[in-house]
>>> print(open('my_file-v7.pdb').read())   # PDB, C-alpha atoms and all ligand atoms
ATOM      1  CA  MET L  24       4.085 120.622-100.550
ATOM      2  CA  LYS L  25       1.311 118.098-101.197
ATOM      3  CA  LEU L  26      -0.017 115.637 -98.641
ATOM      4  CA  GLN L  27      -2.738 113.030 -98.646
ATOM      5  CA  PHE L  28      -4.699 111.304 -95.890
ATOM      6  CA  THR L  29      -7.569 108.831 -95.780
ATOM      7  CA  ILE L  30     -10.563 108.882 -93.449
ATOM      8  CA  GLU L  31     -12.569 105.866 -92.386
ATOM      9  CA  GLY L  32     -16.282 106.402 -91.812
ATOM     10  CA  GLY L  33     -17.398 105.519 -88.296
ATOM     11  CA  ASN L  34     -13.872 105.399 -86.862
ATOM     12  CA  PHE L  35     -13.911 108.170 -84.285
ATOM     13  CA  SER L  36     -10.603 107.294 -82.692
ATOM     14  CA  ASN L  37      -8.823 108.201 -85.919
ATOM     15  CA  ALA L  38     -10.703 111.460 -86.498
ATOM     16  CA  GLY L  39      -8.306 114.349 -86.233
ATOM     17  CA  HIS L  40      -5.291 112.427 -87.456
ATOM     18  CA  ALA L  41      -4.811 114.606 -90.533
ATOM     19  CA  ALA L  42      -5.464 117.870 -88.694
ATOM     20  CA  SER L  43      -2.946 116.844 -86.052
ATOM     21  CA  GLU L  44      -0.218 116.120 -88.636
ATOM     22  CA  ILE L  45      -0.909 119.380 -90.433
ATOM     23  CA  LYS L  46      -0.792 121.298 -87.175
ATOM     24  CA  LYS L  47       2.715 119.978 -86.441
ATOM     25  CA  MET L  48       3.891 120.891 -89.938
ATOM     26  CA  LEU L  49       2.498 124.412 -89.881
ATOM     27  CA  LYS L  50       4.119 124.964 -86.503
ATOM     28  CA  GLN L  51       7.465 123.925 -87.947
ATOM     29  CA  LEU L  52       6.941 126.308 -90.835
ATOM     30  CA  GLY L  53       6.539 129.093 -88.299
ATOM     31  CA  ILE L  54       2.947 129.989 -89.214
ATOM     32  CA  GLU L  55       1.204 132.223 -86.661
ATOM     33  CA  ALA L  56      -0.627 130.297 -83.915
ATOM     34  CA  ARG L  57      -4.034 131.894 -84.544
ATOM     35  CA  CYS L  58      -3.823 131.103 -88.220
ATOM     36  CA  ILE L  59      -2.883 127.477 -87.494
ATOM     37  CA  ARG L  60      -5.785 127.224 -85.091
ATOM     38  CA  ASN L  61      -8.302 128.336 -87.729
ATOM     39  CA  ILE L  62      -6.908 125.911 -90.292
ATOM     40  CA  VAL L  63      -6.853 122.843 -88.043
ATOM     41  CA  ILE L  64     -10.267 123.503 -86.515
ATOM     42  CA  ALA L  65     -11.808 123.633 -90.001
ATOM     43  CA  MET L  66      -9.938 120.501 -91.058
ATOM     44  CA  TYR L  67     -10.892 118.640 -87.902
ATOM     45  CA  GLU L  68     -14.583 119.556 -88.269
ATOM     46  CA  ALA L  69     -14.463 118.285 -91.853
ATOM     47  CA  GLU L  70     -12.761 115.061 -90.793
ATOM     48  CA  VAL L  71     -15.323 114.475 -88.055
ATOM     49  CA  ASN L  72     -18.107 115.049 -90.586
ATOM     50  CA  VAL L  73     -16.772 112.300 -92.838
ATOM     51  CA  VAL L  74     -16.418 109.961 -89.848
ATOM     52  CA  ALA L  75     -19.898 110.864 -88.587
ATOM     53  CA  HIS L  76     -21.892 111.136 -91.798
ATOM     54  CA  ALA L  77     -20.068 109.391 -94.687
ATOM     55  CA  PHE L  78     -18.442 106.040 -95.521
ATOM     56  CA  GLU L  79     -14.891 106.985 -96.433
ATOM     57  CA  GLY L  80     -12.915 110.006 -97.475
ATOM     58  CA  GLN L  81      -9.701 111.442 -98.858
ATOM     59  CA  ILE L  82      -7.970 114.590 -97.712
ATOM     60  CA  LEU L  83      -5.698 116.404-100.126
ATOM     61  CA  VAL L  84      -3.616 119.187 -98.660
ATOM     62  CA  ASP L  85      -1.466 121.599-100.601
ATOM     63  CA  ILE L  86       0.783 123.928 -98.622
ATOM     64  CA  GLU L  87       2.221 126.803-100.633
ATOM     65  CA  THR L  88       4.239 129.818 -99.511
ATOM     66  CA  ASP L  89       1.222 132.052 -98.990
ATOM     67  CA  LYS L  90      -1.680 129.657 -98.421
ATOM     68  CA  ILE L  91      -2.987 126.207 -97.605
ATOM     69  CA  THR L  92      -5.631 124.502 -99.723
ATOM     70  CA  THR L  93      -7.493 121.464 -98.401
ATOM     71  CA  GLU L  94      -9.936 119.252-100.258
ATOM     72  CA  ILE L  95     -12.004 116.673 -98.415
ATOM     73  CA  ILE L  96     -13.664 114.279-100.798
ATOM     74  CA  ASP L  97     -15.971 111.620 -99.433
ATOM     75  CA  LYS L  98     -18.087 108.741-100.595
ATOM     76  CA  GLY L  99     -21.319 108.831 -98.687
ATOM     77  CA  PRO L 100     -24.999 109.769 -98.624
ATOM     78  CA  GLY L 101     -24.349 113.356 -99.735
ATOM     79  CA  ILE L 102     -26.230 116.414 -98.502
ATOM     80  CA  PRO L 103     -29.662 116.999-100.075
ATOM     81  CA  ASP L 104     -30.029 120.635 -98.974
ATOM     82  CA  ILE L 105     -26.692 122.390 -98.468
ATOM     83  CA  GLU L 106     -28.250 125.707 -97.444
ATOM     84  CA  LEU L 107     -30.096 123.934 -94.644
ATOM     85  CA  ALA L 108     -26.992 121.958 -93.600
ATOM     86  CA  MET L 109     -25.027 125.214 -93.352
ATOM     87  CA  GLN L 110     -27.422 126.587 -90.723
ATOM     88  CA  GLU L 111     -26.277 126.524 -87.110
ATOM     89  CA  GLY L 112     -28.143 123.851 -85.201
ATOM     90  CA  TYR L 113     -29.160 121.713 -88.182
ATOM     91  CA  SER L 114     -27.972 118.144 -87.669
ATOM     92  CA  THR L 115     -28.974 114.641 -88.679
ATOM     93  CA  ALA L 116     -26.292 113.081 -86.441
ATOM     94  CA  SER L 117     -27.031 109.643 -85.007
ATOM     95  CA  LYS L 118     -27.286 108.868 -81.308
ATOM     96  CA  LYS L 119     -23.806 107.323 -81.484
ATOM     97  CA  VAL L 120     -22.342 110.537 -82.903
ATOM     98  CA  ARG L 121     -24.028 112.609 -80.192
ATOM     99  CA  GLU L 122     -22.670 110.284 -77.525
ATOM    100  CA  MET L 123     -19.189 111.107 -78.816
ATOM    101  CA  GLY L 124     -19.781 114.807 -78.109
ATOM    102  CA  PHE L 125     -20.710 115.859 -81.643
ATOM    103  CA  GLY L 126     -23.886 116.483 -83.585
ATOM    104  CA  ALA L 127     -24.850 120.001 -82.568
ATOM    105  CA  GLY L 128     -25.062 121.200 -86.146
ATOM    106  CA  MET L 129     -22.188 123.632 -85.629
ATOM    107  CA  GLY L 130     -19.502 122.069 -87.828
ATOM    108  CA  LEU L 131     -20.198 123.431 -91.304
ATOM    109  CA  PRO L 132     -20.849 127.022 -90.138
ATOM    110  CA  ASN L 133     -17.696 126.747 -88.025
ATOM    111  CA  ILE L 134     -15.676 125.620 -91.060
ATOM    112  CA  LYS L 135     -16.941 128.653 -92.953
ATOM    113  CA  LYS L 136     -16.016 130.922 -90.050
ATOM    114  CA  ASN L 137     -12.477 129.535 -89.820
ATOM    115  CA  THR L 138     -11.554 129.629 -93.507
ATOM    116  CA  ASP L 139     -10.880 132.448 -95.976
ATOM    117  CA  GLU L 140     -12.524 130.570 -98.832
ATOM    118  CA  PHE L 141     -14.931 127.670 -98.516
ATOM    119  CA  TYR L 142     -16.693 125.687-101.244
ATOM    120  CA  ILE L 143     -19.023 122.726-100.811
ATOM    121  CA  GLU L 144     -20.497 120.417-103.422
ATOM    122  CA  SER L 145     -22.585 117.370-102.828
ATOM    123  CA  THR L 146     -24.413 114.699-104.780
ATOM    124  CA  VAL L 147     -27.038 112.625-102.999
ATOM    125  CA  ASN L 148     -26.134 108.923-102.795
ATOM    126  CA  SER L 149     -22.642 109.654-104.035
ATOM    127  CA  GLY L 150     -20.666 111.999-101.806
ATOM    128  CA  THR L 151     -19.570 115.419-100.678
ATOM    129  CA  THR L 152     -16.537 117.522-101.524
ATOM    130  CA  LEU L 153     -15.290 120.452 -99.470
ATOM    131  CA  LYS L 154     -12.580 122.817-100.546
ATOM    132  CA  MET L 155     -11.117 125.330 -98.166
ATOM    133  CA  ILE L 156      -8.340 127.873 -98.466
ATOM    134  CA  ASN L 157      -6.563 129.816 -95.736
ATOM    135  CA  TYR L 158      -3.976 132.502 -96.417
ATOM    136  CA  PHE L 159      -1.040 132.739 -94.023
TER     137      PHE L 159
ATOM    138  CA  MET K   5      -6.584 131.189 -60.844
ATOM    139  CA  GLN K   6      -3.730 128.756 -60.354
ATOM    140  CA  ILE K   7      -4.187 125.110 -61.399
ATOM    141  CA  SER K   8      -3.082 123.989 -57.947
ATOM    142  CA  LYS K   9      -5.929 126.035 -56.426
ATOM    143  CA  ILE K  10      -8.411 124.533 -58.892
ATOM    144  CA  CYS K  11      -7.237 121.079 -57.804
ATOM    145  CA  GLN K  12      -7.815 121.952 -54.186
ATOM    146  CA  LEU K  13     -11.274 123.450 -54.802
ATOM    147  CA  LEU K  14     -12.455 120.476 -56.883
ATOM    148  CA  SER K  15     -10.778 117.716 -54.833
ATOM    149  CA  ALA K  16      -9.083 116.948 -58.124
ATOM    150  CA  ARG K  17      -6.006 114.951 -59.011
ATOM    151  CA  ILE K  18      -3.503 115.974 -61.692
ATOM    152  CA  ILE K  19      -3.214 113.100 -64.164
ATOM    153  CA  CYS K  20      -0.634 114.704 -66.405
ATOM    154  CA  GLY K  21       1.041 118.035 -66.974
ATOM    155  CA  GLU K  22       2.060 118.488 -63.342
ATOM    156  CA  GLU K  23       4.673 121.027 -64.451
ATOM    157  CA  LEU K  24       1.822 123.371 -65.450
ATOM    158  CA  SER K  25       0.313 123.417 -61.945
ATOM    159  CA  THR K  26       1.501 126.977 -61.315
ATOM    160  CA  ALA K  27      -0.095 128.266 -64.544
ATOM    161  CA  GLN K  28      -2.735 130.978 -64.168
ATOM    162  CA  ILE K  29      -6.131 130.288 -65.757
ATOM    163  CA  GLU K  30      -8.437 133.173 -66.581
ATOM    164  CA  ARG K  31     -11.651 131.591 -67.840
ATOM    165  CA  GLY K  32     -13.646 128.398 -67.640
ATOM    166  CA  TYR K  33     -16.029 126.708 -70.085
ATOM    167  CA  SER K  34     -18.254 123.799 -69.088
ATOM    168  CA  SER K  35     -19.595 121.549 -71.816
ATOM    169  CA  ASP K  36     -19.978 117.952 -72.856
ATOM    170  CA  LEU K  37     -20.413 119.059 -76.447
ATOM    171  CA  MET K  38     -17.175 119.191 -78.425
ATOM    172  CA  SER K  39     -19.048 120.858 -81.306
ATOM    173  CA  ASP K  40     -19.504 123.908 -79.080
ATOM    174  CA  VAL K  41     -15.971 123.814 -77.696
ATOM    175  CA  LEU K  42     -14.661 124.032 -81.269
ATOM    176  CA  THR K  43     -16.475 127.332 -81.818
ATOM    177  CA  LEU K  44     -14.612 129.087 -78.970
ATOM    178  CA  ASP K  45     -11.886 131.591 -79.573
ATOM    179  CA  THR K  46     -10.545 132.166 -76.065
ATOM    180  CA  ASP K  47      -6.983 131.913 -74.824
ATOM    181  CA  ASN K  48      -5.981 130.572 -71.441
ATOM    182  CA  LEU K  49      -9.100 128.493 -70.972
ATOM    183  CA  LEU K  50     -10.008 125.649 -68.638
ATOM    184  CA  LEU K  51     -12.375 123.097 -70.159
ATOM    185  CA  ILE K  52     -14.637 121.456 -67.588
ATOM    186  CA  THR K  53     -16.314 118.378 -69.041
ATOM    187  CA  GLY K  54     -17.799 114.967 -68.399
ATOM    188  CA  MET K  55     -17.200 113.902 -72.009
ATOM    189  CA  CYS K  56     -14.266 111.645 -71.408
ATOM    190  CA  ASN K  57     -12.987 110.189 -74.689
ATOM    191  CA  LEU K  58     -10.169 110.593 -77.189
ATOM    192  CA  GLN K  59     -12.096 113.248 -79.104
ATOM    193  CA  THR K  60     -12.067 115.526 -76.054
ATOM    194  CA  ILE K  61      -8.274 115.437 -76.147
ATOM    195  CA  ARG K  62      -8.231 115.912 -79.945
ATOM    196  CA  THR K  63     -10.647 118.827 -79.683
ATOM    197  CA  SER K  64      -8.424 120.472 -77.083
ATOM    198  CA  GLU K  65      -5.378 119.901 -79.267
ATOM    199  CA  MET K  66      -7.049 121.646 -82.222
ATOM    200  CA  ALA K  67      -8.536 124.478 -80.159
ATOM    201  CA  ASP K  68      -5.257 125.162 -78.294
ATOM    202  CA  ILE K  69      -6.892 124.357 -74.960
ATOM    203  CA  ARG K  70      -4.207 123.206 -72.532
ATOM    204  CA  PHE K  71      -6.201 122.573 -69.364
ATOM    205  CA  ILE K  72      -9.040 120.050 -68.895
ATOM    206  CA  VAL K  73     -10.922 118.916 -65.783
ATOM    207  CA  PHE K  74     -12.856 115.690 -66.209
ATOM    208  CA  VAL K  75     -15.770 115.675 -63.765
ATOM    209  CA  ARG K  76     -18.209 112.994 -62.486
ATOM    210  CA  ASN K  77     -15.283 110.749 -61.629
ATOM    211  CA  LYS K  78     -14.563 109.975 -65.274
ATOM    212  CA  LYS K  79     -11.218 108.266 -65.774
ATOM    213  CA  VAL K  80      -8.754 109.043 -68.536
ATOM    214  CA  ASN K  81      -7.693 105.915 -70.471
ATOM    215  CA  ASP K  82      -4.216 105.089 -71.798
ATOM    216  CA  ASP K  83      -4.835 106.332 -75.355
ATOM    217  CA  MET K  84      -6.142 109.637 -74.019
ATOM    218  CA  LEU K  85      -3.203 109.976 -71.663
ATOM    219  CA  ALA K  86      -0.668 109.335 -74.423
ATOM    220  CA  LEU K  87      -2.259 111.942 -76.703
ATOM    221  CA  ALA K  88      -2.531 114.432 -73.846
ATOM    222  CA  LYS K  89       1.157 114.022 -73.003
ATOM    223  CA  GLU K  90       2.156 114.338 -76.646
ATOM    224  CA  ASN K  91       0.365 117.689 -76.730
ATOM    225  CA  ASN K  92       1.595 118.904 -73.327
ATOM    226  CA  LEU K  93      -1.893 119.127 -71.859
ATOM    227  CA  CYS K  94      -2.604 119.421 -68.168
ATOM    228  CA  ILE K  95      -5.415 117.043 -67.133
ATOM    229  CA  LEU K  96      -7.344 116.903 -63.872
ATOM    230  CA  GLU K  97      -9.921 114.411 -62.605
ATOM    231  CA  SER K  98     -12.603 115.543 -60.136
ATOM    232  CA  PRO K  99     -15.299 113.493 -58.399
ATOM    233  CA  PHE K 100     -17.768 116.431 -58.522
ATOM    234  CA  THR K 101     -20.619 116.933 -60.992
ATOM    235  CA  LEU K 102     -20.249 119.401 -63.844
ATOM    236  CA  PHE K 103     -22.671 121.709 -62.043
ATOM    237  CA  LYS K 104     -20.882 121.595 -58.716
ATOM    238  CA  ALA K 105     -17.397 121.978 -60.199
ATOM    239  CA  SER K 106     -18.512 124.920 -62.359
ATOM    240  CA  GLY K 107     -20.328 126.592 -59.450
ATOM    241  CA  ILE K 108     -17.343 126.346 -57.145
ATOM    242  CA  LEU K 109     -14.912 127.751 -59.729
ATOM    243  CA  TYR K 110     -17.274 130.558 -60.705
ATOM    244  CA  GLN K 111     -17.750 131.543 -57.082
ATOM    245  CA  ALA K 112     -13.998 131.501 -56.543
ATOM    246  CA  GLY K 113     -13.565 134.020 -59.364
ATOM    247  CA  LEU K 114     -12.892 132.045 -62.531
ATOM    248  CA  LYS K 115     -14.485 134.058 -65.357
ATOM    249  CA  PRO K 116     -16.957 132.710 -67.926
ATOM    250  CA  VAL K 117     -16.242 132.907 -71.663
ATOM    251  CA  TYR K 118     -19.488 134.858 -72.154
TER     252      TYR K 118
HETATM  253  N1  LIG L 201     -19.620 114.753 -95.291
HETATM  254  C1  LIG L 201     -20.956 114.722 -95.115
HETATM  255  N2  LIG L 201     -21.704 113.748 -95.715
HETATM  256  C2  LIG L 201     -23.050 113.715 -95.545
HETATM  257  N3  LIG L 201     -23.736 114.598 -94.797
HETATM  258  C3  LIG L 201     -23.047 115.587 -94.189
HETATM  259  C4  LIG L 201     -21.624 115.698 -94.311
HETATM  260  N4  LIG L 201     -21.227 116.780 -93.615
HETATM  261  C5  LIG L 201     -22.337 117.315 -93.076
HETATM  262  N5  LIG L 201     -23.435 116.607 -93.421
HETATM  263  C6  LIG L 201     -24.849 116.909 -93.073
HETATM  264  O1  LIG L 201     -24.944 118.263 -92.675
HETATM  265  C7  LIG L 201     -25.400 118.337 -91.314
HETATM  266  C8  LIG L 201     -24.752 119.527 -90.628
HETATM  267  O2  LIG L 201     -23.334 119.309 -90.526
HETATM  268  P1  LIG L 201     -22.545 120.038 -89.347
HETATM  269  O3  LIG L 201     -21.118 119.641 -89.427
HETATM  270  O4  LIG L 201     -22.842 121.497 -89.403
HETATM  271  O5  LIG L 201     -23.232 119.475 -88.030
HETATM  272  P2  LIG L 201     -23.096 118.024 -87.367
HETATM  273  O6  LIG L 201     -21.942 117.290 -87.955
HETATM  274  O7  LIG L 201     -24.407 117.361 -87.439
HETATM  275  O8  LIG L 201     -22.787 118.402 -85.857
HETATM  276  P3  LIG L 201     -21.424 119.058 -85.299
HETATM  277  O9  LIG L 201     -20.590 119.424 -86.463
HETATM  278  O10 LIG L 201     -21.881 120.250 -84.511
HETATM  279  O11 LIG L 201     -20.805 118.035 -84.442
HETATM  280  C9  LIG L 201     -25.071 116.988 -90.712
HETATM  281  O12 LIG L 201     -25.866 116.662 -89.598
HETATM  282  C10 LIG L 201     -25.351 116.068 -91.909
HETATM  283  O13 LIG L 201     -26.731 115.873 -92.078
HETATM  284 MG    MG L 202     -20.044 118.279 -88.054
END
>>> encode(input="my_file-v7.pdb", output="structure tokens")
Amino acid sequence: MKLQFTIEGGNFSNAGHAASEIKKMLKQLGIEARCIRNIVIAMYEAEVNVVAHAFEGQILVDIETDKITTEIIDKGPGIPDIELAMQEGYSTASKKVREMGFGAGMGLPNIKKNTDEFYIESTVNSGTTLKMINYF
Amino acid sequence: MQISKICQLLSARIICGEELSTAQIERGYSSDLMSDVLTLDTDNLLLITGMCNLQTIRTSEMADIRFIVFVRNKKVNDDMLALAKENNLCILESPFTLFKASGILYQAGLKPVY
């Protein structure tokens, strides 16, 4: 089953929309609660990152019998040093983002922790693409 | 610790999820930082926070947190309430500070996450 969502940069009230829809679907499919939790936390962190750091994004989700694959493709400033961005505590979040309760530099490491496979690619001044896979 | 006892200790009001007021809570976590809340992996948790916006509700939805106390007299708005109800969350509002609310619950036996 393939699904697609869009993310608007800067629009915090919509962040989590995709993760919320996916959570409902996985519940209906009878996936184990802990597994769902890992998947939606990773997806939500990725959504919030696009809202917080990029201009706009697309989420492509593919649910198969044994796994879920999610790609989050954004147009934005990109990440100059991915290794640095992956470190806990590294954040360039704006004051506005921090006022929303985010910007601790925990998101990317948390995505890695909650997924079975995680790939990140980024081009400065163009955008960032994440791919994550979780097995049921 | 029962939600109804938490209400009493924190002079709190149940905003939604009244039917969960007999639920037993084992641990509490106090934070205004949703980034940190999302790293937790604890069942049966009470989130104590002064970060009162839609993302607090979303974060709880994703992290399977069903109980939230908003401190410092923060008021839940209509969008937050609708999302909380949709997800069967139990929400409390307390006039106390984060420090005071956490101290009281800790003293009364609510366990920390770590
Ligand atoms: N989609 C993105 N586009 C551009 N930069 C990004 C993107 N995602 C992450 N970054 C960069 O990587 C840094 C670390 O991201 P990470 O998600 O770990 O932390 P954060 O978003 O700053 O805070 P938190 O996730 O704890 O709320 C960000 O501060 C930002 O500089
Ligand atoms: Mg982040």
>>> resolve_selection(input="my_file-v7.pdb", expression="the PyMOL selection byres (((chain L and resi 48) around 12) and not hetatm)", output="PyMOL selection string")
chain L and resi 24-26+41-47+49-54+59+62-63+84-86+91
>>> resolve_selection(input="my_file-v7.pdb", expression="the PyMOL selection byres ((chain L and not hetatm) within 7 of (chain K))", output="MDAnalysis selection string")
chainID L and resid 36 39 60 63:64 124:127 129:130 133
>>> atom_distance(input="my_file-v7.pdb", atom1="CA of Thr101 in chain K", atom2="CA of Asn77 in chain K")
8.2 Å
>>> residues_near_ligand(input="my_file-v7.pdb", ligand="ligand LIG 201 (chain L)", cutoff="7 Å", atoms="only C-alpha atoms and all ligand atoms", output="ChimeraX atom specification")
/L:68,72-73,75-77,97,99-102,108-111,113-116,125-132,150-151 /K:39-40
>>> write_last_selection(input="my_file-v7.pdb", atoms="C-alpha atoms", output="compact mmCIF listing (two decimals), in the coordinates of the input")
# COMPACT_ATOMS: atom_id res chain seq x y z
CA GLU L 68 -14.58 119.56 -88.27
CA ASN L 72 -18.11 115.05 -90.59
CA VAL L 73 -16.77 112.30 -92.84
CA ALA L 75 -19.90 110.86 -88.59
CA HIS L 76 -21.89 111.14 -91.80
CA ALA L 77 -20.07 109.39 -94.69
CA ASP L 97 -15.97 111.62 -99.43
CA GLY L 99 -21.32 108.83 -98.69
CA PRO L 100 -25.00 109.77 -98.62
CA GLY L 101 -24.35 113.36 -99.74
CA ILE L 102 -26.23 116.41 -98.50
CA ALA L 108 -26.99 121.96 -93.60
CA MET L 109 -25.03 125.21 -93.35
CA GLN L 110 -27.42 126.59 -90.72
CA GLU L 111 -26.28 126.52 -87.11
CA TYR L 113 -29.16 121.71 -88.18
CA SER L 114 -27.97 118.14 -87.67
CA THR L 115 -28.97 114.64 -88.68
CA ALA L 116 -26.29 113.08 -86.44
CA PHE L 125 -20.71 115.86 -81.64
CA GLY L 126 -23.89 116.48 -83.58
CA ALA L 127 -24.85 120.00 -82.57
CA GLY L 128 -25.06 121.20 -86.15
CA MET L 129 -22.19 123.63 -85.63
CA GLY L 130 -19.50 122.07 -87.83
CA LEU L 131 -20.20 123.43 -91.30
CA PRO L 132 -20.85 127.02 -90.14
CA GLY L 150 -20.67 112.00 -101.81
CA THR L 151 -19.57 115.42 -100.68
CA SER K 39 -19.05 120.86 -81.31
CA ASP K 40 -19.50 123.91 -79.08
>>> resolve_selection(input="my_file-v7.pdb", expression="the PyMOL selection byres (((chain K and resi 12) around 12) and not hetatm)", output="VMD selection string")
chain K and resid 5 to 11 13 to 18 25 96 to 98 105 108 to 109 112
>>> atom_distance(input="my_file-v7.pdb", atom1="CA of Phe35 in chain L", atom2="CA of Val71 in chain L")
7.5 Å
>>> atom_distance(input="my_file-v7.pdb", atom1="CA of Tyr33 in chain K", atom2="CA of Lys118 in chain L")
23.9 Å
>>> axis_aligned_box(input="my_file-v7.pdb", around="range 71-75 of chain K", padding_each_side="6 Å", output="lines of an AutoDock Vina configuration file")
center_x = -11.0
center_y = 119.1
center_z = -66.6
size_x = 21.6
size_y = 18.9
size_z = 17.6
>>> closest_residue(input="my_file-v7.pdb", among="L:Ala56, L:Ile96, L:Tyr67, L:Phe78", to="ligand MG 202 (chain L)", atoms="all atoms listed in the file")
L:Tyr67
>>> closest_residue(input="my_file-v7.pdb", among="L:Gln27, L:Asn37, L:Ser145, L:Asn61", to="Glu106 in chain L", atoms="all atoms listed in the file")
L:Ser145
>>> closest_residue(input="my_file-v7.pdb", among="L:Thr88, L:Ser117, L:Thr93, L:Thr146", to="ligand MG 202 (chain L)", atoms="only C-alpha atoms and all ligand atoms")
L:Ser117
>>> closest_residue(input="my_file-v7.pdb", among="K:Lys78, K:Gly32, K:Ile95, K:Leu49", to="Gln111 in chain K", atoms="all atoms listed in the file")
K:Gly32
>>> build_atoms(input="my_file-v7.pdb", residues="range 107-118 of chain L", atoms="N, CA, C and O atoms", output="PDB file, in the coordinates of the input")
ATOM      1  N   LEU L 107     -29.565 124.367 -95.944  1.00  0.00           N
ATOM      2  CA  LEU L 107     -30.096 123.934 -94.644  1.00  0.00           C
ATOM      3  C   LEU L 107     -28.968 123.383 -93.761  1.00  0.00           C
ATOM      4  O   LEU L 107     -28.866 123.704 -92.578  1.00  0.00           O
ATOM      5  N   ALA L 108     -28.097 122.572 -94.365  1.00  0.00           N
ATOM      6  CA  ALA L 108     -26.992 121.958 -93.600  1.00  0.00           C
ATOM      7  C   ALA L 108     -26.026 123.005 -93.067  1.00  0.00           C
ATOM      8  O   ALA L 108     -25.391 122.806 -92.030  1.00  0.00           O
ATOM      9  N   MET L 109     -25.942 124.140 -93.773  1.00  0.00           N
ATOM     10  CA  MET L 109     -25.027 125.214 -93.352  1.00  0.00           C
ATOM     11  C   MET L 109     -25.565 126.016 -92.164  1.00  0.00           C
ATOM     12  O   MET L 109     -24.848 126.810 -91.579  1.00  0.00           O
ATOM     13  N   GLN L 110     -26.846 125.817 -91.835  1.00  0.00           N
ATOM     14  CA  GLN L 110     -27.422 126.587 -90.723  1.00  0.00           C
ATOM     15  C   GLN L 110     -26.976 126.030 -89.371  1.00  0.00           C
ATOM     16  O   GLN L 110     -26.961 124.816 -89.181  1.00  0.00           O
ATOM     17  N   GLU L 111     -26.657 126.942 -88.467  1.00  0.00           N
ATOM     18  CA  GLU L 111     -26.277 126.524 -87.110  1.00  0.00           C
ATOM     19  C   GLU L 111     -27.426 125.768 -86.476  1.00  0.00           C
ATOM     20  O   GLU L 111     -28.566 126.223 -86.515  1.00  0.00           O
ATOM     21  N   GLY L 112     -27.132 124.628 -85.917  1.00  0.00           N
ATOM     22  CA  GLY L 112     -28.143 123.851 -85.201  1.00  0.00           C
ATOM     23  C   GLY L 112     -28.783 122.760 -86.034  1.00  0.00           C
ATOM     24  O   GLY L 112     -29.431 121.875 -85.491  1.00  0.00           O
ATOM     25  N   TYR L 113     -28.576 122.788 -87.370  1.00  0.00           N
ATOM     26  CA  TYR L 113     -29.160 121.713 -88.182  1.00  0.00           C
ATOM     27  C   TYR L 113     -28.234 120.494 -88.166  1.00  0.00           C
ATOM     28  O   TYR L 113     -27.062 120.585 -88.524  1.00  0.00           O
ATOM     29  N   SER L 114     -28.779 119.357 -87.735  1.00  0.00           N
ATOM     30  CA  SER L 114     -27.972 118.144 -87.669  1.00  0.00           C
ATOM     31  C   SER L 114     -28.834 116.914 -87.851  1.00  0.00           C
ATOM     32  O   SER L 114     -29.960 116.853 -87.367  1.00  0.00           O
ATOM     33  N   THR L 115     -28.293 115.936 -88.563  1.00  0.00           N
ATOM     34  CA  THR L 115     -28.974 114.641 -88.679  1.00  0.00           C
ATOM     35  C   THR L 115     -28.142 113.574 -87.958  1.00  0.00           C
ATOM     36  O   THR L 115     -28.304 112.383 -88.204  1.00  0.00           O
ATOM     37  N   ALA L 116     -27.230 114.009 -87.087  1.00  0.00           N
ATOM     38  CA  ALA L 116     -26.292 113.081 -86.441  1.00  0.00           C
ATOM     39  C   ALA L 116     -27.027 111.977 -85.666  1.00  0.00           C
ATOM     40  O   ALA L 116     -28.057 112.226 -85.042  1.00  0.00           O
ATOM     41  N   SER L 117     -26.454 110.792 -85.708  1.00  0.00           N
ATOM     42  CA  SER L 117     -27.031 109.643 -85.007  1.00  0.00           C
ATOM     43  C   SER L 117     -26.781 109.764 -83.509  1.00  0.00           C
ATOM     44  O   SER L 117     -25.973 110.578 -83.059  1.00  0.00           O
ATOM     45  N   LYS L 118     -27.462 108.902 -82.763  1.00  0.00           N
ATOM     46  CA  LYS L 118     -27.286 108.868 -81.308  1.00  0.00           C
ATOM     47  C   LYS L 118     -25.812 108.594 -80.974  1.00  0.00           C
ATOM     48  O   LYS L 118     -25.239 109.201 -80.086  1.00  0.00           O
TER      49      LYS L 118
END
